[in-house]
Each structure stands twice: as structure tokens, then as C-alpha cells.
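Encoded as C-alpha cells, the structure appears first; notes follow it.
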Amino acid sequence: MSTTPSTTALTICDLARLLFTSRLQASDHPTPEQVRAAIDERLCAWGADCGTCLASVAQEAGDHPEAYAARMRWALDTVSRSYPHGLAVV
């Protein structure tokens, strides 16, 4: 039995925010499996609380505005490739 919260109801944008807060980097060239694992890890870390995740993304944007847009574009592109049907399926 898995203790990972289900990501079934999360959109690509929700998933990208979770990936944004993960340790994965564009330079890692993560596989779809690594992306899904990182998102699952972040869901567990936030206790499936997307509000806390949003606060973290906002904090990072404020702290590093020069890097925010590029990282979010990477997160959106990477999630789109890792979840080709638009919504996460766990």
C-alpha cells in the first residue's frame, strides 16, 4: 500500500509547481520516471497541501526573480513531456 498522495486531480500547472520546488534541475536531464518520483516526493513533503507549495514557489520567485521564469518554463515543459495526457495518473 502506497502512502503517496494521489496526483490524479492535479493539472499540468499544479504538477509544474511541485516540480519547481524539487531538487531536480534542467541540467540533470531527468527521465519521466525521475520527474514523477520528484513530484510524488514533493506531494508527500507538502502533505498534499498545494497552498504551501504555492507559497514556496512565490518565495523562490521573490528571492531569485532572474531565474524564476526559466525554471518555471523548464518545469512546465518537463511535466508536459512526463504526463502526456495532461493530468497525472498514479
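Here, A, B, ... name the chains of the C-alpha cells in the order displayed, residue numbers run from 1 inside each chain, and ligands are numbered from 1 in the same displayed order.
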
Might you pull out every residue within 8 Å of stretch 33-50 of chain A, with only C-alpha atoms counted and same-chain residues fewer than 3 positions away left off, and present them as an MDAnalysis selection string? chainID A and resid 4:5 7 14:15 18:19 21:24 30 53:54 78:79 82

Write out as a ChimeraX atom specification the residues lying within 12 Å of A:Ala58, counting only C-alpha atoms and excluding same-chain residues fewer than 2 positions away. /A:17,20-21,51-56,60-65,68-69,72

Apply DSSP to the backbone of this structure and, from stretch 9-74 of chain A, keep only the residues in alpha helix (DSSP H); write these as a PDB file with N, CA, C and O atoms, in the first residue's frame.
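Full text of states-v8.pdb as output:
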```
ATOM      1  N   ILE A  12      -1.435  20.182 -15.149  1.00  0.00           N
ATOM      2  CA  ILE A  12      -0.043  20.354 -15.552  1.00  0.00           C
ATOM      3  C   ILE A  12       0.588  21.510 -14.771  1.00  0.00           C
ATOM      4  O   ILE A  12       1.733  21.412 -14.322  1.00  0.00           O
ATOM      5  N   CYS A  13      -0.141  22.594 -14.583  1.00  0.00           N
ATOM      6  CA  CYS A  13       0.390  23.738 -13.821  1.00  0.00           C
ATOM      7  C   CYS A  13       0.668  23.357 -12.367  1.00  0.00           C
ATOM      8  O   CYS A  13       1.700  23.745 -11.815  1.00  0.00           O
ATOM      9  N   ASP A  14      -0.246  22.607 -11.758  1.00  0.00           N
ATOM     10  CA  ASP A  14      -0.030  22.140 -10.379  1.00  0.00           C
ATOM     11  C   ASP A  14       1.224  21.277 -10.302  1.00  0.00           C
ATOM     12  O   ASP A  14       2.051  21.439  -9.402  1.00  0.00           O
ATOM     13  N   LEU A  15       1.337  20.363 -11.245  1.00  0.00           N
ATOM     14  CA  LEU A  15       2.493  19.458 -11.257  1.00  0.00           C
ATOM     15  C   LEU A  15       3.787  20.224 -11.490  1.00  0.00           C
ATOM     16  O   LEU A  15       4.821  19.923 -10.882  1.00  0.00           O
ATOM     17  N   ALA A  16       3.741  21.229 -12.359  1.00  0.00           N
ATOM     18  CA  ALA A  16       4.937  22.039 -12.628  1.00  0.00           C
ATOM     19  C   ALA A  16       5.369  22.794 -11.375  1.00  0.00           C
ATOM     20  O   ALA A  16       6.571  22.904 -11.102  1.00  0.00           O
ATOM     21  N   ARG A  17       4.417  23.287 -10.611  1.00  0.00           N
ATOM     22  CA  ARG A  17       4.769  23.971  -9.360  1.00  0.00           C
ATOM     23  C   ARG A  17       5.458  23.013  -8.398  1.00  0.00           C
ATOM     24  O   ARG A  17       6.422  23.377  -7.723  1.00  0.00           O
ATOM     25  N   LEU A  18       4.947  21.786  -8.329  1.00  0.00           N
ATOM     26  CA  LEU A  18       5.588  20.788  -7.471  1.00  0.00           C
ATOM     27  C   LEU A  18       7.001  20.479  -7.959  1.00  0.00           C
ATOM     28  O   LEU A  18       7.938  20.417  -7.164  1.00  0.00           O
ATOM     29  N   LEU A  19       7.157  20.302  -9.269  1.00  0.00           N
ATOM     30  CA  LEU A  19       8.483  20.034  -9.821  1.00  0.00           C
ATOM     31  C   LEU A  19       9.410  21.218  -9.578  1.00  0.00           C
ATOM     32  O   LEU A  19      10.591  21.036  -9.248  1.00  0.00           O
ATOM     33  N   PHE A  20       8.899  22.429  -9.723  1.00  0.00           N
ATOM     34  CA  PHE A  20       9.670  23.645  -9.495  1.00  0.00           C
ATOM     35  C   PHE A  20      10.325  23.626  -8.115  1.00  0.00           C
ATOM     36  O   PHE A  20      11.457  24.069  -7.953  1.00  0.00           O
ATOM     37  N   PRO A  32      11.213  10.811 -17.426  1.00  0.00           N
ATOM     38  CA  PRO A  32       9.845  10.947 -16.918  1.00  0.00           C
ATOM     39  C   PRO A  32       9.648  10.251 -15.569  1.00  0.00           C
ATOM     40  O   PRO A  32       8.931  10.770 -14.707  1.00  0.00           O
ATOM     41  N   GLU A  33      10.300   9.126 -15.375  1.00  0.00           N
ATOM     42  CA  GLU A  33      10.185   8.411 -14.100  1.00  0.00           C
ATOM     43  C   GLU A  33      10.772   9.238 -12.964  1.00  0.00           C
ATOM     44  O   GLU A  33      10.212   9.287 -11.864  1.00  0.00           O
ATOM     45  N   GLN A  34      11.910   9.893 -13.205  1.00  0.00           N
ATOM     46  CA  GLN A  34      12.521  10.742 -12.183  1.00  0.00           C
ATOM     47  C   GLN A  34      11.642  11.951 -11.881  1.00  0.00           C
ATOM     48  O   GLN A  34      11.523  12.361 -10.726  1.00  0.00           O
ATOM     49  N   VAL A  35      11.020  12.495 -12.904  1.00  0.00           N
ATOM     50  CA  VAL A  35      10.123  13.642 -12.720  1.00  0.00           C
ATOM     51  C   VAL A  35       8.932  13.228 -11.871  1.00  0.00           C
ATOM     52  O   VAL A  35       8.580  13.908 -10.895  1.00  0.00           O
ATOM     53  N   ARG A  36       8.314  12.107 -12.210  1.00  0.00           N
ATOM     54  CA  ARG A  36       7.149  11.646 -11.439  1.00  0.00           C
ATOM     55  C   ARG A  36       7.538  11.333 -10.001  1.00  0.00           C
ATOM     56  O   ARG A  36       6.793  11.657  -9.065  1.00  0.00           O
ATOM     57  N   ALA A  37       8.718  10.748  -9.792  1.00  0.00           N
ATOM     58  CA  ALA A  37       9.180  10.453  -8.437  1.00  0.00           C
ATOM     59  C   ALA A  37       9.426  11.745  -7.650  1.00  0.00           C
ATOM     60  O   ALA A  37       9.070  11.832  -6.467  1.00  0.00           O
ATOM     61  N   ALA A  38      10.008  12.742  -8.290  1.00  0.00           N
ATOM     62  CA  ALA A  38      10.255  14.025  -7.621  1.00  0.00           C
ATOM     63  C   ALA A  38       8.945  14.705  -7.243  1.00  0.00           C
ATOM     64  O   ALA A  38       8.821  15.275  -6.154  1.00  0.00           O
ATOM     65  N   ILE A  39       7.962  14.640  -8.128  1.00  0.00           N
ATOM     66  CA  ILE A  39       6.654  15.233  -7.844  1.00  0.00           C
ATOM     67  C   ILE A  39       5.977  14.480  -6.700  1.00  0.00           C
ATOM     68  O   ILE A  39       5.427  15.106  -5.785  1.00  0.00           O
ATOM     69  N   ASP A  40       6.043  13.161  -6.710  1.00  0.00           N
ATOM     70  CA  ASP A  40       5.471  12.379  -5.609  1.00  0.00           C
ATOM     71  C   ASP A  40       6.141  12.739  -4.283  1.00  0.00           C
ATOM     72  O   ASP A  40       5.469  12.889  -3.254  1.00  0.00           O
ATOM     73  N   GLU A  41       7.456  12.915  -4.315  1.00  0.00           N
ATOM     74  CA  GLU A  41       8.198  13.269  -3.104  1.00  0.00           C
ATOM     75  C   GLU A  41       7.742  14.626  -2.583  1.00  0.00           C
ATOM     76  O   GLU A  41       7.533  14.812  -1.385  1.00  0.00           O
ATOM     77  N   ARG A  42       7.561  15.584  -3.477  1.00  0.00           N
ATOM     78  CA  ARG A  42       7.118  16.915  -3.060  1.00  0.00           C
ATOM     79  C   ARG A  42       5.691  16.860  -2.515  1.00  0.00           C
ATOM     80  O   ARG A  42       5.367  17.539  -1.545  1.00  0.00           O
ATOM     81  N   LEU A  43       4.831  16.064  -3.133  1.00  0.00           N
ATOM     82  CA  LEU A  43       3.462  15.912  -2.613  1.00  0.00           C
ATOM     83  C   LEU A  43       3.487  15.386  -1.187  1.00  0.00           C
ATOM     84  O   LEU A  43       2.754  15.878  -0.324  1.00  0.00           O
ATOM     85  N   CYS A  44       4.329  14.393  -0.949  1.00  0.00           N
ATOM     86  CA  CYS A  44       4.446  13.849   0.413  1.00  0.00           C
ATOM     87  C   CYS A  44       5.008  14.896   1.362  1.00  0.00           C
ATOM     88  O   CYS A  44       4.532  15.035   2.493  1.00  0.00           O
ATOM     89  N   ALA A  45       6.009  15.644   0.914  1.00  0.00           N
ATOM     90  CA  ALA A  45       6.633  16.662   1.762  1.00  0.00           C
ATOM     91  C   ALA A  45       5.641  17.763   2.139  1.00  0.00           C
ATOM     92  O   ALA A  45       5.664  18.267   3.261  1.00  0.00           O
ATOM     93  N   TRP A  46       4.780  18.134   1.195  1.00  0.00           N
ATOM     94  CA  TRP A  46       3.800  19.199   1.460  1.00  0.00           C
ATOM     95  C   TRP A  46       2.534  18.632   2.093  1.00  0.00           C
ATOM     96  O   TRP A  46       1.616  19.395   2.394  1.00  0.00           O
ATOM     97  N   CYS A  50      -1.334  22.022  -1.591  1.00  0.00           N
ATOM     98  CA  CYS A  50      -0.856  22.826  -2.717  1.00  0.00           C
ATOM     99  C   CYS A  50      -0.693  24.289  -2.343  1.00  0.00           C
ATOM    100  O   CYS A  50       0.091  25.007  -2.964  1.00  0.00           O
ATOM    101  N   GLY A  51      -1.389  24.762  -1.320  1.00  0.00           N
ATOM    102  CA  GLY A  51      -1.221  26.137  -0.868  1.00  0.00           C
ATOM    103  C   GLY A  51       0.182  26.386  -0.346  1.00  0.00           C
ATOM    104  O   GLY A  51       0.792  27.428  -0.624  1.00  0.00           O
ATOM    105  N   THR A  52       0.720  25.440   0.396  1.00  0.00           N
ATOM    106  CA  THR A  52       2.090  25.555   0.895  1.00  0.00           C
ATOM    107  C   THR A  52       3.073  25.533  -0.261  1.00  0.00           C
ATOM    108  O   THR A  52       4.053  26.277  -0.275  1.00  0.00           O
ATOM    109  N   CYS A  53       2.793  24.702  -1.241  1.00  0.00           N
ATOM    110  CA  CYS A  53       3.645  24.638  -2.429  1.00  0.00           C
ATOM    111  C   CYS A  53       3.634  25.977  -3.158  1.00  0.00           C
ATOM    112  O   CYS A  53       4.687  26.484  -3.554  1.00  0.00           O
ATOM    113  N   LEU A  54       2.459  26.566  -3.332  1.00  0.00           N
ATOM    114  CA  LEU A  54       2.353  27.875  -3.991  1.00  0.00           C
ATOM    115  C   LEU A  54       3.141  28.941  -3.243  1.00  0.00           C
ATOM    116  O   LEU A  54       3.803  29.788  -3.862  1.00  0.00           O
ATOM    117  N   ALA A  55       3.089  28.895  -1.930  1.00  0.00           N
ATOM    118  CA  ALA A  55       3.844  29.861  -1.130  1.00  0.00           C
ATOM    119  C   ALA A  55       5.339  29.686  -1.361  1.00  0.00           C
ATOM    120  O   ALA A  55       6.079  30.674  -1.452  1.00  0.00           O
ATOM    121  N   SER A  56       5.782  28.446  -1.481  1.00  0.00           N
ATOM    122  CA  SER A  56       7.199  28.181  -1.727  1.00  0.00           C
ATOM    123  C   SER A  56       7.629  28.696  -3.098  1.00  0.00           C
ATOM    124  O   SER A  56       8.706  29.275  -3.254  1.00  0.00           O
ATOM    125  N   VAL A  57       6.785  28.484  -4.107  1.00  0.00           N
ATOM    126  CA  VAL A  57       7.078  28.982  -5.456  1.00  0.00           C
ATOM    127  C   VAL A  57       7.149  30.511  -5.435  1.00  0.00           C
ATOM    128  O   VAL A  57       8.070  31.108  -6.003  1.00  0.00           O
ATOM    129  N   ALA A  58       6.210  31.155  -4.754  1.00  0.00           N
ATOM    130  CA  ALA A  58       6.205  32.610  -4.672  1.00  0.00           C
ATOM    131  C   ALA A  58       7.446  33.133  -3.956  1.00  0.00           C
ATOM    132  O   ALA A  58       8.056  34.120  -4.388  1.00  0.00           O
ATOM    133  N   GLN A  59       7.831  32.454  -2.899  1.00  0.00           N
ATOM    134  CA  GLN A  59       9.038  32.844  -2.166  1.00  0.00           C
ATOM    135  C   GLN A  59      10.264  32.747  -3.063  1.00  0.00           C
ATOM    136  O   GLN A  59      11.090  33.654  -3.105  1.00  0.00           O
ATOM    137  N   GLU A  60      10.364  31.659  -3.789  1.00  0.00           N
ATOM    138  CA  GLU A  60      11.503  31.462  -4.699  1.00  0.00           C
ATOM    139  C   GLU A  60      11.503  32.522  -5.798  1.00  0.00           C
ATOM    140  O   GLU A  60      12.562  33.042  -6.166  1.00  0.00           O
ATOM    141  N   ALA A  61      10.336  32.853  -6.317  1.00  0.00           N
ATOM    142  CA  ALA A  61      10.243  33.891  -7.353  1.00  0.00           C
ATOM    143  C   ALA A  61      10.716  35.235  -6.812  1.00  0.00           C
ATOM    144  O   ALA A  61      11.400  35.987  -7.516  1.00  0.00           O
ATOM    145  N   GLY A  62      10.370  35.526  -5.576  1.00  0.00           N
ATOM    146  CA  GLY A  62      10.804  36.772  -4.959  1.00  0.00           C
ATOM    147  C   GLY A  62      12.287  36.795  -4.654  1.00  0.00           C
ATOM    148  O   GLY A  62      12.952  37.818  -4.812  1.00  0.00           O
ATOM    149  N   ASP A  63      12.813  35.642  -4.226  1.00  0.00           N
ATOM    150  CA  ASP A  63      14.230  35.554  -3.872  1.00  0.00           C
ATOM    151  C   ASP A  63      15.138  35.525  -5.091  1.00  0.00           C
ATOM    152  O   ASP A  63      16.269  36.012  -5.039  1.00  0.00           O
ATOM    153  N   PRO A  65      14.264  36.294  -8.783  1.00  0.00           N
ATOM    154  CA  PRO A  65      13.422  36.616  -9.941  1.00  0.00           C
ATOM    155  C   PRO A  65      14.125  36.389 -11.281  1.00  0.00           C
ATOM    156  O   PRO A  65      13.464  36.085 -12.272  1.00  0.00           O
ATOM    157  N   GLU A  66      15.426  36.497 -11.291  1.00  0.00           N
ATOM    158  CA  GLU A  66      16.174  36.312 -12.540  1.00  0.00           C
ATOM    159  C   GLU A  66      16.131  34.862 -13.026  1.00  0.00           C
ATOM    160  O   GLU A  66      16.278  34.605 -14.218  1.00  0.00           O
ATOM    161  N   ALA A  67      15.919  33.928 -12.143  1.00  0.00           N
ATOM    162  CA  ALA A  67      15.906  32.509 -12.512  1.00  0.00           C
ATOM    163  C   ALA A  67      14.495  31.932 -12.578  1.00  0.00           C
ATOM    164  O   ALA A  67      14.294  30.848 -13.138  1.00  0.00           O
ATOM    165  N   TYR A  68      13.519  32.637 -12.024  1.00  0.00           N
ATOM    166  CA  TYR A  68      12.169  32.099 -11.902  1.00  0.00           C
ATOM    167  C   TYR A  68      11.563  31.694 -13.244  1.00  0.00           C
ATOM    168  O   TYR A  68      11.084  30.568 -13.404  1.00  0.00           O
ATOM    169  N   ALA A  69      11.553  32.590 -14.214  1.00  0.00           N
ATOM    170  CA  ALA A  69      10.868  32.325 -15.491  1.00  0.00           C
ATOM    171  C   ALA A  69      11.475  31.131 -16.205  1.00  0.00           C
ATOM    172  O   ALA A  69      10.746  30.264 -16.700  1.00  0.00           O
ATOM    173  N   ALA A  70      12.789  31.057 -16.246  1.00  0.00           N
ATOM    174  CA  ALA A  70      13.448  29.934 -16.940  1.00  0.00           C
ATOM    175  C   ALA A  70      13.146  28.613 -16.241  1.00  0.00           C
ATOM    176  O   ALA A  70      12.875  27.605 -16.898  1.00  0.00           O
ATOM    177  N   ARG A  71      13.176  28.600 -14.912  1.00  0.00           N
ATOM    178  CA  ARG A  71      12.907  27.349 -14.193  1.00  0.00           C
ATOM    179  C   ARG A  71      11.447  26.939 -14.366  1.00  0.00           C
ATOM    180  O   ARG A  71      11.148  25.763 -14.542  1.00  0.00           O
ATOM    181  N   MET A  72      10.527  27.896 -14.316  1.00  0.00           N
ATOM    182  CA  MET A  72       9.117  27.543 -14.471  1.00  0.00           C
ATOM    183  C   MET A  72       8.840  27.052 -15.889  1.00  0.00           C
ATOM    184  O   MET A  72       8.080  26.097 -16.074  1.00  0.00           O
ATOM    185  N   ARG A  73       9.452  27.670 -16.895  1.00  0.00           N
ATOM    186  CA  ARG A  73       9.291  27.165 -18.275  1.00  0.00           C
ATOM    187  C   ARG A  73       9.802  25.729 -18.367  1.00  0.00           C
ATOM    188  O   ARG A  73       9.156  24.870 -18.968  1.00  0.00           O
ATOM    189  N   TRP A  74      10.975  25.472 -17.771  1.00  0.00           N
ATOM    190  CA  TRP A  74      11.532  24.115 -17.764  1.00  0.00           C
ATOM    191  C   TRP A  74      10.563  23.157 -17.065  1.00  0.00           C
ATOM    192  O   TRP A  74      10.287  22.063 -17.576  1.00  0.00           O
TER     193      TRP A  74
END
```
